[in-house]
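So this block is target_9.cif, mmCIF, C-alpha atoms and all ligand atoms:
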```
data_work
#
loop_
_atom_site.label_atom_id
_atom_site.label_comp_id
_atom_site.auth_asym_id
_atom_site.auth_seq_id
_atom_site.Cartn_x
_atom_site.Cartn_y
_atom_site.Cartn_z
CA MET U 1 33.33 -5.28 10.20
CA VAL U 2 35.25 -2.01 9.82
CA PRO U 3 35.17 -0.21 13.21
CA ALA U 4 33.75 2.94 11.58
CA ALA U 5 30.72 1.00 10.34
CA LYS U 6 29.83 -0.38 13.80
CA ASP U 7 26.45 0.69 15.14
CA LYS U 8 25.47 2.21 11.81
CA THR U 9 22.54 1.28 9.62
CA LEU U 10 24.13 -0.54 6.69
CA ILE U 11 22.04 -0.87 3.56
CA LEU U 12 23.04 -2.94 0.54
CA GLY U 13 21.64 -1.34 -2.63
CA ILE U 14 21.14 -3.33 -5.84
CA GLU U 15 20.39 -1.70 -9.23
CA THR U 16 19.72 -3.54 -12.52
CA SER U 17 16.98 -1.42 -14.15
CA CYS U 18 18.75 -0.79 -17.46
CA ASP U 19 22.33 -1.34 -18.62
CA GLU U 20 24.35 -0.95 -15.42
CA THR U 21 24.75 -3.81 -12.94
CA ALA U 22 25.42 -2.05 -9.65
CA ALA U 23 25.70 -2.78 -5.94
CA ALA U 24 26.71 -0.48 -3.08
CA VAL U 25 26.83 -0.29 0.70
CA VAL U 26 25.75 2.98 2.33
CA ALA U 27 25.95 3.70 6.07
CA ASP U 28 23.22 5.79 7.74
CA GLY U 29 21.79 6.89 4.41
CA ARG U 30 24.73 9.11 3.60
CA GLU U 31 28.17 7.55 3.85
CA MET U 32 29.16 5.54 0.76
CA LEU U 33 31.27 2.56 1.89
CA SER U 34 31.33 1.12 -1.64
CA ASN U 35 29.76 1.83 -5.02
CA ILE U 36 30.45 -0.85 -7.66
CA ILE U 37 29.16 -0.28 -11.20
CA ALA U 38 29.60 -2.77 -14.06
CA SER U 39 28.54 -0.95 -17.21
CA GLN U 40 27.22 -2.88 -20.22
CA ILE U 41 27.71 0.04 -22.64
CA GLU U 42 30.25 -1.89 -24.74
CA ASP U 43 27.77 -4.78 -25.18
CA HIS U 44 25.00 -2.50 -26.48
CA LYS U 45 27.11 -0.03 -28.49
CA LYS U 46 27.12 -2.03 -31.71
CA PHE U 47 23.29 -2.09 -31.69
CA GLY U 48 23.03 1.69 -31.20
CA GLY U 49 21.01 1.32 -27.99
CA VAL U 50 20.14 -1.00 -25.11
CA VAL U 51 18.92 -4.46 -26.19
CA PRO U 52 16.69 -5.62 -23.30
CA GLU U 53 17.41 -9.35 -23.70
CA ILE U 54 21.17 -8.78 -23.68
CA ALA U 55 20.83 -6.49 -20.65
CA SER U 56 19.03 -9.20 -18.64
CA ARG U 57 21.58 -11.86 -19.55
CA LYS U 58 24.53 -9.61 -18.70
CA HIS U 59 22.99 -8.73 -15.32
CA LEU U 60 22.66 -12.45 -14.58
CA GLU U 61 26.32 -13.06 -15.45
CA THR U 62 27.65 -10.11 -13.43
CA ALA U 63 25.36 -9.37 -10.49
CA ASN U 64 26.63 -11.91 -7.92
CA ASP U 65 30.20 -10.76 -8.42
CA VAL U 66 29.20 -7.08 -8.21
CA VAL U 67 27.34 -7.68 -4.92
CA GLU U 68 30.33 -9.51 -3.43
CA ARG U 69 32.69 -6.75 -4.49
CA ALA U 70 30.42 -4.13 -2.88
CA LEU U 71 30.59 -5.97 0.46
CA THR U 72 34.34 -6.62 0.25
CA GLU U 73 35.11 -3.00 -0.58
CA ALA U 74 32.88 -1.85 2.29
CA GLY U 75 34.80 -4.20 4.60
CA ILE U 76 31.66 -5.94 5.84
CA GLY U 77 29.99 -9.34 5.58
CA PHE U 78 26.37 -10.23 4.73
CA ALA U 79 25.56 -10.65 8.44
CA ASP U 80 26.43 -6.99 9.12
CA LEU U 81 23.73 -5.66 6.80
CA SER U 82 20.64 -3.95 8.23
CA ALA U 83 18.56 -4.38 5.06
CA ILE U 84 18.65 -5.09 1.31
CA ALA U 85 17.30 -2.34 -0.98
CA VAL U 86 16.57 -3.00 -4.64
CA THR U 87 15.21 -1.05 -7.61
CA ASN U 88 11.93 -2.72 -8.63
CA GLY U 89 10.84 -0.18 -11.27
CA PRO U 90 10.37 1.59 -13.54
CA GLY U 91 12.80 0.04 -15.99
CA LEU U 92 13.31 -2.93 -18.32
CA VAL U 93 11.27 -5.65 -16.69
CA GLY U 94 13.63 -8.55 -17.49
CA ALA U 95 16.60 -6.54 -16.25
CA LEU U 96 14.81 -5.46 -13.06
CA LEU U 97 13.82 -9.06 -12.31
CA VAL U 98 17.47 -10.06 -11.96
CA GLY U 99 18.12 -7.53 -9.18
CA VAL U 100 14.76 -8.14 -7.53
CA ASN U 101 15.35 -11.90 -7.35
CA ILE U 102 18.86 -11.53 -5.97
CA ALA U 103 17.57 -9.11 -3.32
CA LYS U 104 14.68 -11.40 -2.38
CA THR U 105 17.00 -14.40 -2.14
CA LEU U 106 19.42 -12.50 0.11
CA ALA U 107 16.61 -11.14 2.30
CA TYR U 108 15.16 -14.64 2.73
CA ALA U 109 18.47 -16.41 3.32
CA LEU U 110 19.80 -13.77 5.72
CA GLN U 111 16.41 -13.03 7.32
CA LYS U 112 16.93 -9.30 6.70
CA PRO U 113 14.31 -6.70 5.72
CA LEU U 114 13.74 -6.11 2.01
CA VAL U 115 13.12 -2.58 0.71
CA ALA U 116 11.68 -1.78 -2.75
CA VAL U 117 13.03 1.43 -4.29
CA ASN U 118 11.48 3.46 -7.11
CA HIS U 119 14.12 4.25 -9.73
CA VAL U 120 13.16 7.92 -10.17
CA MET U 121 13.21 8.50 -6.41
CA SER U 122 16.62 6.86 -6.18
CA HIS U 123 17.99 9.35 -8.75
CA VAL U 124 16.71 12.18 -6.50
CA ALA U 125 18.41 10.53 -3.49
CA ALA U 126 21.83 10.65 -5.22
CA ASN U 127 21.86 14.29 -4.12
CA TYR U 128 21.42 13.37 -0.44
CA LEU U 129 24.68 11.42 -0.60
CA VAL U 130 26.69 14.51 -1.42
CA HIS U 131 24.73 17.66 -0.46
CA PRO U 132 23.04 19.11 2.64
CA VAL U 133 19.72 19.63 0.83
CA GLN U 134 17.37 22.24 2.28
CA PHE U 135 13.63 21.89 1.81
CA PRO U 136 11.32 22.77 0.17
CA ALA U 137 13.17 21.78 -2.97
CA VAL U 138 12.38 21.13 -6.60
CA CYS U 139 14.12 18.30 -8.42
CA LEU U 140 14.43 17.75 -12.16
CA VAL U 141 15.01 14.07 -12.91
CA ALA U 142 16.14 13.73 -16.53
CA SER U 143 17.44 10.40 -17.72
CA GLY U 144 17.14 7.92 -20.59
CA GLY U 145 13.76 6.76 -19.33
CA HIS U 146 12.30 9.71 -17.41
CA THR U 147 11.83 13.45 -17.39
CA SER U 148 10.02 14.51 -14.22
CA LEU U 149 9.74 17.62 -12.12
CA LEU U 150 9.20 16.89 -8.43
CA TYR U 151 8.33 19.09 -5.48
CA LEU U 152 10.07 17.84 -2.33
CA LEU U 153 8.87 18.88 1.11
CA SER U 154 11.29 16.52 2.84
CA ARG U 155 13.28 13.38 1.95
CA SER U 156 10.07 11.40 2.13
CA GLU U 157 7.28 13.78 1.06
CA THR U 158 7.18 14.21 -2.70
CA GLN U 159 4.70 15.55 -5.25
CA LEU U 160 4.96 15.05 -9.00
CA LEU U 161 4.59 18.41 -10.78
CA GLY U 162 4.95 17.22 -14.34
CA THR U 163 6.50 14.65 -16.58
CA THR U 164 7.13 13.96 -20.27
CA ARG U 165 4.22 13.15 -22.56
CA ASP U 166 6.39 11.15 -24.94
CA ASP U 167 10.17 10.73 -25.16
CA ALA U 168 12.43 11.31 -22.15
CA ALA U 169 15.15 13.96 -22.50
CA GLY U 170 17.94 11.35 -22.50
CA GLU U 171 16.06 9.26 -25.04
CA ALA U 172 15.98 12.30 -27.36
CA PHE U 173 19.74 12.78 -26.87
CA ASP U 174 20.30 9.10 -27.72
CA LYS U 175 18.07 9.17 -30.82
CA VAL U 176 19.52 12.39 -32.22
CA ALA U 177 23.06 11.10 -31.62
CA ARG U 178 22.12 7.94 -33.48
CA VAL U 179 20.95 9.79 -36.62
CA LEU U 180 24.07 11.97 -36.44
CA GLU U 181 26.11 8.73 -36.19
CA LEU U 182 27.76 9.83 -32.94
CA GLY U 183 27.42 6.44 -31.21
CA TYR U 184 25.79 5.27 -27.97
CA PRO U 185 25.12 6.62 -25.38
CA GLY U 186 24.22 9.80 -27.22
CA GLY U 187 24.14 12.29 -24.34
CA PRO U 188 27.87 12.44 -23.62
CA ALA U 189 28.64 12.43 -27.39
CA ILE U 190 26.34 15.42 -28.06
CA ASP U 191 27.59 17.21 -24.93
CA LYS U 192 31.14 16.87 -26.34
CA ILE U 193 30.58 17.79 -30.01
CA ALA U 194 28.17 20.67 -29.18
CA VAL U 195 31.09 22.63 -27.75
CA ASP U 196 32.31 23.19 -31.34
CA GLY U 197 28.87 24.06 -32.75
CA ASN U 198 26.68 27.14 -33.00
CA PRO U 199 23.55 26.74 -30.82
CA ASP U 200 21.71 29.33 -32.96
CA ALA U 201 22.48 27.67 -36.31
CA PHE U 202 19.08 25.90 -36.38
CA LYS U 203 15.90 27.01 -34.63
CA PHE U 204 14.39 23.80 -33.27
CA PRO U 205 10.97 23.75 -31.49
CA ARG U 206 10.62 24.14 -27.72
CA ALA U 207 7.36 22.39 -26.71
CA PHE U 208 5.14 23.97 -24.02
CA SER U 209 7.43 26.99 -23.77
CA GLY U 210 6.02 30.17 -22.23
CA GLN U 211 3.11 28.35 -20.57
CA ASP U 212 2.79 29.25 -16.88
CA GLN U 213 2.03 26.43 -14.44
CA ASN U 214 2.57 23.83 -17.13
CA PHE U 215 5.30 21.46 -16.01
CA GLU U 216 4.82 18.92 -18.80
CA PHE U 217 7.54 18.09 -21.31
CA SER U 218 7.52 16.74 -24.85
CA PHE U 219 10.62 15.89 -26.85
CA SER U 220 9.35 13.80 -29.76
CA GLY U 221 8.54 16.86 -31.94
CA LEU U 222 12.04 18.18 -31.37
CA LYS U 223 13.53 14.82 -32.31
CA SER U 224 11.44 14.72 -35.53
CA ALA U 225 12.47 18.31 -36.39
CA VAL U 226 16.15 17.36 -36.10
CA ILE U 227 15.64 14.24 -38.25
CA ASN U 228 13.73 16.26 -40.91
CA THR U 229 16.46 18.92 -41.01
CA LEU U 230 19.05 16.21 -41.48
CA HIS U 231 17.10 14.54 -44.31
CA ASN U 232 16.63 17.89 -46.09
CA LEU U 233 20.35 18.61 -45.90
CA GLU U 234 21.15 15.09 -47.18
CA GLN U 235 18.67 15.40 -50.08
CA ARG U 236 20.28 18.66 -51.12
CA GLY U 237 23.66 16.92 -50.98
CA GLU U 238 24.99 19.39 -48.43
CA VAL U 239 27.71 18.65 -45.88
CA ILE U 240 26.05 17.82 -42.54
CA PRO U 241 27.10 20.39 -39.92
CA LYS U 242 26.99 17.83 -37.09
CA ALA U 243 28.35 20.13 -34.40
CA ASP U 244 25.83 22.88 -35.27
CA ILE U 245 22.91 20.44 -35.28
CA ALA U 246 24.07 18.92 -31.96
CA ALA U 247 24.53 22.36 -30.36
CA SER U 248 21.14 23.63 -31.62
CA PHE U 249 19.36 20.46 -30.46
CA GLN U 250 21.06 20.60 -27.05
CA ALA U 251 20.15 24.30 -26.71
CA ALA U 252 16.46 23.45 -27.31
CA VAL U 253 16.47 20.68 -24.67
CA VAL U 254 18.37 22.81 -22.16
CA ASP U 255 16.14 25.86 -22.72
CA ILE U 256 12.97 23.92 -22.00
CA LEU U 257 14.40 22.01 -19.01
CA VAL U 258 15.72 25.25 -17.50
CA GLU U 259 12.51 27.22 -18.15
CA LYS U 260 10.25 24.59 -16.55
CA THR U 261 12.58 23.95 -13.60
CA ARG U 262 12.91 27.65 -12.87
CA LEU U 263 9.16 28.13 -13.11
CA ALA U 264 8.57 25.24 -10.70
CA ALA U 265 11.17 26.58 -8.24
CA GLU U 266 9.59 30.03 -8.29
CA SER U 267 6.01 28.87 -7.97
CA LYS U 268 6.89 26.56 -5.06
CA ALA U 269 9.25 29.05 -3.36
CA ALA U 270 11.96 26.39 -3.37
CA LYS U 271 15.16 27.01 -1.41
CA THR U 272 17.05 24.44 -3.41
CA VAL U 273 16.91 23.00 -6.91
CA LEU U 274 18.28 19.51 -7.49
CA LEU U 275 19.30 17.90 -10.76
CA ALA U 276 19.31 14.12 -11.09
CA GLY U 277 19.56 11.37 -13.71
CA GLY U 278 21.98 10.83 -16.57
CA VAL U 279 21.11 14.10 -18.36
CA ALA U 280 22.09 15.98 -15.18
CA ALA U 281 25.66 15.28 -16.28
CA ASN U 282 25.13 17.63 -19.25
CA ARG U 283 27.49 20.58 -18.90
CA GLN U 284 25.32 23.11 -20.74
CA LEU U 285 22.30 22.19 -18.62
CA ARG U 286 24.28 22.67 -15.41
CA LEU U 287 25.73 25.98 -16.57
CA SER U 288 22.48 27.44 -17.82
CA LEU U 289 20.48 26.37 -14.76
CA GLN U 290 23.20 27.71 -12.46
CA GLU U 291 23.12 31.10 -14.22
CA ASN U 292 19.34 31.35 -14.05
CA LEU U 293 18.94 30.22 -10.45
CA THR U 294 21.79 32.34 -9.07
CA ARG U 295 19.89 35.36 -10.39
CA ASP U 296 16.90 34.23 -8.31
CA GLY U 297 19.00 33.44 -5.21
CA ILE U 298 18.23 29.70 -5.36
CA VAL U 299 20.90 27.10 -4.59
CA LEU U 300 21.53 24.46 -7.28
CA TYR U 301 22.89 21.02 -6.40
CA TYR U 302 23.73 18.12 -8.66
CA PRO U 303 25.59 14.88 -8.03
CA PRO U 304 29.02 14.12 -9.54
CA PRO U 305 28.69 12.43 -12.98
CA GLU U 306 29.14 8.88 -11.60
CA LEU U 307 26.16 9.42 -9.28
CA CYS U 308 24.03 11.03 -12.03
CA THR U 309 23.89 7.88 -14.15
CA ASP U 310 22.57 4.59 -12.77
CA ASN U 311 24.30 3.38 -9.61
CA ALA U 312 23.36 1.49 -6.46
CA ALA U 313 24.58 3.99 -3.83
CA MET U 314 21.51 6.09 -4.66
CA VAL U 315 19.33 2.98 -4.24
CA ALA U 316 20.80 2.28 -0.79
CA CYS U 317 20.35 5.94 0.14
CA ALA U 318 16.67 6.00 -0.89
CA GLY U 319 16.25 2.58 0.73
CA TYR U 320 17.51 3.97 4.04
CA ASP U 321 14.60 6.43 4.22
CA LEU U 322 12.09 3.61 3.61
CA TYR U 323 13.88 1.39 6.15
CA LYS U 324 13.65 4.15 8.78
CA ARG U 325 9.91 4.37 8.15
CA ASN U 326 9.52 0.57 8.36
CA GLU U 327 8.28 0.46 4.78
CA PHE U 328 9.34 -3.05 3.88
CA ALA U 329 8.55 -5.19 0.85
CA GLY U 330 7.36 -8.79 0.98
CA LEU U 331 8.97 -11.75 -0.73
CA ASP U 332 6.22 -11.47 -3.36
CA LEU U 333 7.86 -8.25 -4.61
CA ASN U 334 7.64 -7.97 -8.41
CA ALA U 335 9.41 -5.88 -11.05
CA LEU U 336 7.38 -3.02 -12.59
CA SER U 337 8.18 -1.71 -16.06
CA ILE U 338 6.39 1.65 -15.51
O1 LIG A 1 20.07 7.78 -15.45
P1 LIG A 1 20.64 7.01 -16.58
O2 LIG A 1 21.99 6.37 -16.40
O3 LIG A 1 19.71 5.84 -17.02
C1 LIG A 1 18.31 5.89 -17.02
O4 LIG A 1 17.71 5.78 -15.94
O5 LIG A 1 17.78 6.09 -18.14
O6 LIG A 1 20.64 8.00 -17.84
C2 LIG A 1 21.17 7.64 -19.07
C3 LIG A 1 20.82 8.75 -20.03
C4 LIG A 1 21.16 8.39 -21.48
O7 LIG A 1 20.06 8.75 -22.29
C5 LIG A 1 22.37 9.29 -21.77
O8 LIG A 1 22.48 9.63 -23.15
C6 LIG A 1 22.09 10.49 -20.89
O9 LIG A 1 21.54 9.94 -19.71
N1 LIG A 1 23.30 11.25 -20.59
C7 LIG A 1 23.50 12.52 -20.98
C8 LIG A 1 24.81 12.88 -20.57
N2 LIG A 1 25.36 11.79 -19.92
C9 LIG A 1 24.41 10.81 -19.94
N3 LIG A 1 22.69 13.37 -21.64
C10 LIG A 1 23.17 14.59 -21.92
N4 LIG A 1 24.42 15.00 -21.59
C11 LIG A 1 25.26 14.19 -20.91
N5 LIG A 1 26.49 14.60 -20.58
ZN ZN A 2 18.31 5.93 -14.26
#
```

Please re-express this file's structure in C-alpha cells.
Amino acid sequence: MVPAAKDKTLILGIETSCDETAAAVVADGREMLSNIIASQIEDHKKFGGVVPEIASRKHLETANDVVERALTEAGIGFADLSAIAVTNGPGLVGALLVGVNIAKTLAYALQKPLVAVNHVMSHVAANYLVHPVQFPAVCLVASGGHTSLLYLLSRSETQLLGTTRDDAAGEAFDKVARVLELGYPGGPAIDKIAVDGNPDAFKFPRAFSGQDQNFEFSFSGLKSAVINTLHNLEQRGEVIPKADIAASFQAAVVDILVEKTRLAAESKAAKTVLLAGGVAANRQLRLSLQENLTRDGIVLYYPPPELCTDNAAMVACAGYDLYKRNEFAGLDLNALSI
C-alpha cells in the first residue's frame, strides 16, 4: 500500500449506469487516488444514442480490467479496501446489473462491506471531491437521465425540491443535436456550435417560467418546438441555420435552469449553489449561473468536466458518507432503473 493511503478509509467505487465503465479509489471521501473511465461513446455514436444491450455487453467486457487499473493506479491491493461502493440506480437496468454483480462478488469474496449509491446523489458528491462546500446548499443535477433541484442541509441530509416531468435536460440536448445532425453526445456538440449562433434568432418556449415556488422542469415542449421549426424551414426549402437554432435552444434550456436554480437558492437562503451531471459541463450554463448568483452574493461550485459526466470517483465519495453512517447493502442488492 502507498504510505500516504495508510490508516485512511479506502473506498472502491464502481459505475456502470449508462455508457461509461468506471472504477475509482477515493481516500477519506475526498482524495482521488485513481479515477479510471472507459467511455463507450464510439460504440453508440453510429446509432445516434445509447443502445442499452450494447452498453451492458461492453460493461461486461471492460469492467474487470477497469477495476484492476483503478487499484493499480491507486497503488493498493484488494485487501487494503475498506468497502466497495456501487451505483445501483437509477440507470439502464442491464448496465447497472454488471456493476452491481461485480461489487457483490468482490464484497463476498473479500468479506468487505458493500455500499449502494444512488446515481443522482453521486453526481452531487462530485463537488465534495473538489470544493469545500458550505451548507445549506442547493444543487442542480442535470444530466442525460435527470434534471433535479436538491436542497442540501449537509452531505447526508437532502430534500428534493423539483424534477423534470418529461425529458431530462441532457436528453433534450441529445435529441435536438440528433435532428440537427450534430452527432452523439449532443450536449458538447451544441455547446460548441452555439458559440457561432444568435441565441435570439428563434424564440423557443420556456416551460414553467415566472412561477414562484415551482421547481419543476419540462423540456419535451421545447424539443418539439425545435423539431417543428426545423421541419418548417425544410418544407420552405430554406438553408438550416444550425448554429442559430442550437444557440436559441441552448438559451432556452439555460434560462430555465438558471431561473429555477436561482429561485431555489433564494427561497432556501443557500450559501452555496452546486452544479452536477453532464449538462453542468455546459459553458453557457456555467457563465449565466455565475453572473446571476454573484449578483446575489451566492458562491457557485461545479466539478471539472471529467467529474461532471459519469465517473466512479463520485460514487466512492458518496459511498464514503454511507459507509461512515454504517448504511450497508446486503448481497441481495438489486439494480433499479428509476
Ligand atoms: O451525467 P452524464 O454523463 O450521464 C447521465 O447520467 O445521463 O450526462 C450525459 C449528458 C448527455 O445528455 C450529454 O449530452 C450532456 O450530459 N452533456 C452536455 C455537455 N456535456 C455533456 N450538455 C450540454 N453541454 C455540455 N457541454
Ligand atoms: Zn450520470

If the box runs along x, y and z of the file and leaves 4 Å on each side of ligand LIG 1 (chain A), what are its centre and edge lengths in Å, one decimal, as JSON?
```
{"center_x": 22.1, "center_y": 10.4, "center_z": -19.3, "size_x": 16.8, "size_y": 17.2, "size_z": 15.7}
```

**Q.** Counting only C-alpha atoms and all ligand atoms, the option among U:Asn334, U:Ser248, U:Ser220, U:Thr309 closest to ligand LIG 1 (chain A)
**A.**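 That would be U:Thr309, the residue with the smallest distance to ligand LIG 1 (chain A).
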
(Q) So that I can see what lies close to range 16-22 of chain U, please list as a ChimeraX atom specification the residues with an atom at most 10 Å from it, counting all atoms listed in the file and leaving out residues fewer than 2 positions away in the same chain. (A) /U:13-14,24,35-41,43-44,49-52,54-56,58-67,70,86-100,119,144-145,309-313,315,335-337

Sorted per-residue table, range 207-313 of chain U near range 134-138 of chain U, closest atoms and distance, 6 Å, only C-alpha atoms, as a Markdown table:
```
| residue | atom | partner | partner_atom | distance |
| --- | --- | --- | --- | --- |
| U:Ala265 | CA | U:Val138 | CA | 5.8 |
| U:Ala270 | CA | U:Ala137 | CA | 4.8 |
| U:Lys271 | CA | U:Ala137 | CA | 5.8 |
| U:Thr272 | CA | U:Ala137 | CA | 4.7 |
| U:Val273 | CA | U:Val138 | CA | 4.9 |
```

Q | Residue nearest ligand ZN 2 (chain A) - candidates U:Val195, U:Ala276, U:Val179, U:Ala116, atoms counted: all atoms listed in the file | A |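 When distances to ligand ZN 2 (chain A) are compared using all atoms listed in the file, the smallest one comes from U:Ala276.
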
Q.
For a quick check of understanding, using only C-alpha atoms, which of U:Ala27, U:Leu230, U:Leu33, U:Leu307 has the smallest distance to Ala280 in chain U?
A.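 Between U:Ala27, U:Leu230, U:Leu33, U:Leu307, the residue approaching Ala280 in chain U most closely is U:Leu307.
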